[in-house]
Amino acid sequence: MKHPNKSINKECSPDSCGCQNDKPDGFEQKLNKPINRRGMFQQLTASLLTGAGLVNSSCSVTATDDKREKKQLEWEEYFKGNYRLMSDNEKQDTVKRLERLYELNNGNHASISSEQPSENVLFGYAFNISKCQGYMDCVNACVQENNQDRNSQMQYIRIHEHQNGQINFDLADDDFYHEVPAAGHFYIGTQCFHCENPPCVEVCPVKATWKEKDGIVVIDYDWCIGCRYCMAACPYDGRRFNWATPEIPTEEINKDQHYLGNRLRKKGVMEKCTFCIQRSRKGNNPACVDACPTGARIFGNLLDPNSEIRWVLDNKKVFRLKEDLGTEPKFWYFMD
């Protein structure tokens, strides 16, 4: 028997092999325990043959070449490992598979990046309460940039209308439908704050969410099991759950995507703001920053002493929400 990632070992058998891989493969990660090939097939063959139908379709002599290719790609995607544990080559392979699957399903091409964090970059965000007028351009830009479901009105950003003289989110209006800015009111935006000590990461039972080196808290959608523990743990209401498969008009799909960002999601997973990882890791602002008509949103590298956000932190009276929790959000508020 040929042992995984090893040369042929005549002493290994399907039932008695005691060798250990240095790195867990996709089967082991999926089932959260070591497993040999016989055990794997005993647990999975029935569901694959009767449910997914991947084996029959991919091997059928009557299937078209595109259909066989699609089923083979889906098979490989199903058994891939957690993105965080993949090698660079494995990340490139899964990106290529997803791009090809998109092409087979939709007839055109989408560019999916696996671009990694840059050295000496830690992203942060500042929000100028004095300038926000509640126009919601940021919300609309976020929806379009990040391929959010249109039917459920999925929105990562929320704009809260407060009465002058108090910041009270319990009394704020989050669903105002009137001309803005309204007299006697001011506006505060919230989204994922990309905490330095994110409680959402701590509670995830399958390690589907984590904090990257540049400070962005991400989700591997293919590993999320939809338990919503992270949603309950977030003190800032920054996470959203997909109750249905996202539906986006074909002509509105943003084809410039990132594996951990705005690639098309499936039903039953968590999603949220990623500081537009597909943009920020290329040196661009998140879509909400560029769309804001009043310049209320500032984004940049906290490790760059010459960045605009560092100037704000050094020269303005800034504050963060619920600082007593120790989450250390990388999202500050200030006023002129």
# chains A, B, ... in the order shown; residues from 1 in each chain; ligands from 1
call {"tool": "select_by_dssp", "arguments": {"residues": "region 53-288 of chain A", "states": "helix (DSSP H, G or I)", "output": "PyMOL selection string"}}
result
chain A and resi 54-59+65-78+83-85+88-106+137-145+199-203+229-233+250-252+277-280+287-288
call {"tool": "residues_around", "arguments": {"residues": "region 240-245 of chain A", "least_positions_apart": "5", "cutoff": "12 Å", "atoms": "only C-alpha atoms", "output": "ChimeraX atom specification"}}
result
/A:147-158,191-192,219,221,224-232,234,264-273
call {"tool": "write_last_selection", "arguments": {"atoms": "N, CA and C atoms", "output": "compact mmCIF listing (two decimals), in the first residue's frame"}}
result
# COMPACT_ATOMS: atom_id res chain seq x y z
N ASN A 147 -20.19 41.28 -3.42
CA ASN A 147 -21.09 40.25 -3.93
C ASN A 147 -22.06 39.75 -2.85
N GLN A 148 -22.73 40.70 -2.20
CA GLN A 148 -23.68 40.35 -1.15
C GLN A 148 -25.05 40.06 -1.75
N ASP A 149 -25.78 39.17 -1.10
CA ASP A 149 -27.09 38.75 -1.57
C ASP A 149 -28.04 39.94 -1.67
N ARG A 150 -28.72 40.03 -2.79
CA ARG A 150 -29.64 41.15 -3.01
C ARG A 150 -31.01 40.88 -2.40
N ASN A 151 -31.47 39.63 -2.42
CA ASN A 151 -32.82 39.33 -1.95
C ASN A 151 -32.99 39.59 -0.46
N SER A 152 -32.00 39.20 0.33
CA SER A 152 -32.11 39.35 1.78
C SER A 152 -31.60 40.69 2.27
N GLN A 153 -31.14 41.53 1.33
CA GLN A 153 -30.56 42.84 1.69
C GLN A 153 -29.42 42.67 2.69
N MET A 154 -28.58 41.70 2.42
CA MET A 154 -27.38 41.49 3.24
C MET A 154 -26.52 42.75 3.21
N GLN A 155 -26.15 43.24 4.39
CA GLN A 155 -25.31 44.44 4.49
C GLN A 155 -24.31 44.28 5.62
N TYR A 156 -23.02 44.46 5.30
CA TYR A 156 -21.98 44.37 6.32
C TYR A 156 -21.91 45.65 7.15
N ILE A 157 -22.22 46.79 6.53
CA ILE A 157 -22.14 48.10 7.19
C ILE A 157 -23.53 48.52 7.63
N ARG A 158 -23.58 49.10 8.82
CA ARG A 158 -24.82 49.69 9.30
C ARG A 158 -24.57 51.13 9.73
N GLN A 191 -19.36 48.09 11.57
CA GLN A 191 -19.12 46.93 10.73
C GLN A 191 -18.21 46.00 11.52
N CYS A 192 -17.55 45.05 10.90
CA CYS A 192 -16.55 44.28 11.64
C CYS A 192 -15.39 45.19 11.99
N ILE A 219 -12.69 34.54 7.15
CA ILE A 219 -13.48 33.31 7.26
C ILE A 219 -13.19 32.44 6.06
N TYR A 221 -15.00 30.12 4.04
CA TYR A 221 -16.40 29.78 3.87
C TYR A 221 -16.62 28.27 3.70
N CYS A 224 -16.66 26.78 7.31
CA CYS A 224 -17.67 27.25 8.25
C CYS A 224 -18.84 26.27 8.27
N ILE A 225 -19.30 25.89 9.46
CA ILE A 225 -20.42 24.97 9.60
C ILE A 225 -21.72 25.68 9.95
N GLY A 226 -21.69 27.00 10.01
CA GLY A 226 -22.91 27.77 10.24
C GLY A 226 -23.48 27.67 11.63
N CYS A 227 -22.67 27.37 12.63
CA CYS A 227 -23.18 27.26 14.00
C CYS A 227 -23.52 28.61 14.62
N ARG A 228 -22.93 29.68 14.09
CA ARG A 228 -23.20 31.06 14.51
C ARG A 228 -22.70 31.37 15.92
N TYR A 229 -21.78 30.56 16.43
CA TYR A 229 -21.16 30.90 17.71
C TYR A 229 -20.44 32.25 17.60
N CYS A 230 -19.77 32.47 16.48
CA CYS A 230 -19.03 33.72 16.30
C CYS A 230 -19.97 34.92 16.28
N MET A 231 -21.13 34.72 15.72
CA MET A 231 -22.13 35.79 15.65
C MET A 231 -22.58 36.18 17.05
N ALA A 232 -22.75 35.17 17.90
CA ALA A 232 -23.18 35.43 19.28
C ALA A 232 -22.06 36.05 20.10
N CYS A 234 -19.59 38.06 19.01
CA CYS A 234 -19.16 39.39 18.57
C CYS A 234 -19.93 40.47 19.34
N LEU A 264 -17.95 34.20 -4.32
CA LEU A 264 -19.35 33.85 -4.14
C LEU A 264 -19.50 32.81 -3.03
N ARG A 265 -20.38 33.11 -2.08
CA ARG A 265 -20.58 32.22 -0.95
C ARG A 265 -21.73 31.24 -1.20
N LYS A 266 -21.82 30.26 -0.32
CA LYS A 266 -22.90 29.29 -0.38
C LYS A 266 -23.87 29.56 0.76
N LYS A 267 -24.96 28.83 0.77
CA LYS A 267 -25.96 28.95 1.83
C LYS A 267 -25.43 28.39 3.14
N GLY A 268 -25.79 29.06 4.25
CA GLY A 268 -25.53 28.50 5.56
C GLY A 268 -24.16 28.77 6.13
N VAL A 269 -23.52 29.87 5.72
CA VAL A 269 -22.22 30.21 6.27
C VAL A 269 -22.22 31.65 6.77
N MET A 270 -21.22 31.97 7.60
CA MET A 270 -21.07 33.33 8.09
C MET A 270 -20.28 34.16 7.08
N GLU A 271 -20.56 35.45 7.05
CA GLU A 271 -19.77 36.38 6.25
C GLU A 271 -19.77 37.74 6.92
N LYS A 272 -18.87 38.61 6.46
CA LYS A 272 -18.74 39.91 7.12
C LYS A 272 -17.77 40.78 6.33
N CYS A 273 -17.56 42.00 6.84
CA CYS A 273 -16.56 42.91 6.29
C CYS A 273 -15.17 42.29 6.40
call {"tool": "residues_around", "arguments": {"residues": "region 177-181 of chain A", "least_positions_apart": "6", "cutoff": "7 Å", "atoms": "only C-alpha atoms", "output": "VMD selection string"}}
result
chain A and resid 133 to 135
call {"tool": "write_last_selection", "arguments": {"atoms": "N, CA and C atoms", "output": "tab-separated table (two decimals), in the first residue's frame"}}
result
chain	number	residue	atom	x	y	z
A	133	GLN	N	-22.96	62.02	7.08
A	133	GLN	CA	-24.29	62.62	6.93
A	133	GLN	C	-25.38	61.58	6.70
A	134	GLY	N	-25.04	60.29	6.83
A	134	GLY	CA	-26.04	59.24	6.69
A	134	GLY	C	-26.48	58.96	5.28
A	135	TYR	N	-25.63	59.25	4.29
A	135	TYR	CA	-26.05	59.11	2.89
A	135	TYR	C	-26.13	57.66	2.41
call {"tool": "select_by_dssp", "arguments": {"residues": "region 151-246 of chain A", "states": "strand (DSSP E or B)", "output": "MDAnalysis selection string"}}
result
chainID A and resid 158:163 173 185:190 209:211 217:219 239:241
call {"tool": "write_last_selection", "arguments": {"atoms": "N, CA and C atoms", "output": "JSON list (two decimals), in the first residue's frame"}}
result
[["chain", "number", "residue", "atom", "x", "y", "z"],
["A", 158, "ARG", "N", -23.58, 49.10, 8.82],
["A", 158, "ARG", "CA", -24.82, 49.69, 9.30],
["A", 158, "ARG", "C", -24.57, 51.13, 9.73],
["A", 159, "ILE", "N", -25.49, 52.00, 9.37],
["A", 159, "ILE", "CA", -25.41, 53.41, 9.76],
["A", 159, "ILE", "C", -26.49, 53.66, 10.80],
["A", 160, "HIS", "N", -26.07, 54.12, 11.97],
["A", 160, "HIS", "CA", -26.99, 54.33, 13.10],
["A", 160, "HIS", "C", -27.24, 55.83, 13.27],
["A", 161, "GLU", "N", -28.51, 56.21, 13.31],
["A", 161, "GLU", "CA", -28.89, 57.61, 13.50],
["A", 161, "GLU", "C", -29.16, 57.87, 14.98],
["A", 162, "HIS", "N", -28.35, 58.75, 15.55],
["A", 162, "HIS", "CA", -28.46, 59.07, 16.98],
["A", 162, "HIS", "C", -28.99, 60.50, 17.15],
["A", 163, "GLN", "N", -29.67, 60.73, 18.25],
["A", 163, "GLN", "CA", -30.06, 62.08, 18.59],
["A", 163, "GLN", "C", -28.86, 62.84, 19.13],
["A", 173, "ASP", "N", -31.70, 54.77, 15.53],
["A", 173, "ASP", "CA", -32.53, 54.27, 14.43],
["A", 173, "ASP", "C", -31.59, 53.70, 13.36],
["A", 185, "HIS", "N", -29.79, 65.30, 14.68],
["A", 185, "HIS", "CA", -29.26, 63.95, 14.70],
["A", 185, "HIS", "C", -27.84, 63.90, 14.12],
["A", 186, "PHE", "N", -27.11, 62.85, 14.48],
["A", 186, "PHE", "CA", -25.81, 62.59, 13.87],
["A", 186, "PHE", "C", -25.72, 61.09, 13.59],
["A", 187, "TYR", "N", -24.65, 60.67, 12.87],
["A", 187, "TYR", "CA", -24.61, 59.31, 12.33],
["A", 187, "TYR", "C", -23.29, 58.62, 12.67],
["A", 188, "ILE", "N", -23.41, 57.33, 13.00],
["A", 188, "ILE", "CA", -22.24, 56.51, 13.30],
["A", 188, "ILE", "C", -22.34, 55.20, 12.52],
["A", 189, "GLY", "N", -21.27, 54.84, 11.84],
["A", 189, "GLY", "CA", -21.25, 53.59, 11.09],
["A", 189, "GLY", "C", -20.56, 52.49, 11.88],
["A", 190, "THR", "N", -21.07, 51.26, 11.75],
["A", 190, "THR", "CA", -20.43, 50.10, 12.36],
["A", 190, "THR", "C", -20.29, 49.00, 11.32],
["A", 209, "THR", "N", -12.46, 30.59, 11.24],
["A", 209, "THR", "CA", -12.19, 32.03, 11.23],
["A", 209, "THR", "C", -10.94, 32.31, 12.04],
["A", 210, "TRP", "N", -10.14, 33.27, 11.59],
["A", 210, "TRP", "CA", -8.89, 33.58, 12.27],
["A", 210, "TRP", "C", -8.43, 34.99, 11.88],
["A", 211, "LYS", "N", -7.42, 35.47, 12.58],
["A", 211, "LYS", "CA", -6.86, 36.80, 12.30],
["A", 211, "LYS", "C", -5.58, 36.64, 11.50],
["A", 217, "VAL", "N", -9.52, 39.97, 10.08],
["A", 217, "VAL", "CA", -10.16, 38.74, 10.56],
["A", 217, "VAL", "C", -10.94, 38.15, 9.39],
["A", 218, "VAL", "N", -10.63, 36.91, 9.03],
["A", 218, "VAL", "CA", -11.18, 36.30, 7.82],
["A", 218, "VAL", "C", -11.98, 35.05, 8.16],
["A", 219, "ILE", "N", -12.69, 34.54, 7.15],
["A", 219, "ILE", "CA", -13.48, 33.31, 7.26],
["A", 219, "ILE", "C", -13.19, 32.44, 6.06],
["A", 239, "ARG", "N", -21.14, 40.34, 12.35],
["A", 239, "ARG", "CA", -21.19, 39.15, 11.49],
["A", 239, "ARG", "C", -22.61, 38.92, 10.97],
["A", 240, "ARG", "N", -22.67, 38.33, 9.78],
["A", 240, "ARG", "CA", -23.96, 38.05, 9.13],
["A", 240, "ARG", "C", -24.02, 36.58, 8.75],
["A", 241, "PHE", "N", -25.23, 36.02, 8.80],
["A", 241, "PHE", "CA", -25.43, 34.62, 8.45],
["A", 241, "PHE", "C", -26.22, 34.52, 7.15]]
call {"tool": "atom_distance", "arguments": {"atom1": "CA of Arg68 (chain A)", "atom2": "CA of Arg100 (chain A)"}}
result
12.8 Å
call {"tool": "atom_distance", "arguments": {"atom1": "CA of Lys67 (chain A)", "atom2": "CA of Asn105 (chain A)"}}
result
9.9 Å
call {"tool": "atom_distance", "arguments": {"atom1": "CA of Asp237 (chain A)", "atom2": "CA of Cys292 (chain A)"}}
result
21.8 Å
call {"tool": "residues_around", "arguments": {"residues": "Ser114 (chain A)", "least_positions_apart": "5", "cutoff": "9 Å", "atoms": "only C-alpha atoms", "output": "list in words"}}
result
Asp88, Lys91, Gln92, Val95, His258, Tyr259, Leu260 and Gln278 of chain A
call {"tool": "write_last_selection", "arguments": {"atoms": "C-alpha atoms", "output": "PDB file, in the first residue's frame"}}
result
ATOM      1  CA  ASP A  88       1.221  28.169  -1.229  1.00  0.00           C
ATOM      2  CA  LYS A  91      -3.754  27.670  -2.287  1.00  0.00           C
ATOM      3  CA  GLN A  92      -2.983  28.283  -5.937  1.00  0.00           C
ATOM      4  CA  VAL A  95      -7.989  29.127  -6.613  1.00  0.00           C
ATOM      5  CA  HIS A 258     -10.305  37.002  -3.130  1.00  0.00           C
ATOM      6  CA  TYR A 259     -10.614  33.504  -1.659  1.00  0.00           C
ATOM      7  CA  LEU A 260     -11.060  34.943   1.865  1.00  0.00           C
ATOM      8  CA  GLN A 278      -9.342  41.954  -2.532  1.00  0.00           C
TER       9      GLN A 278
END
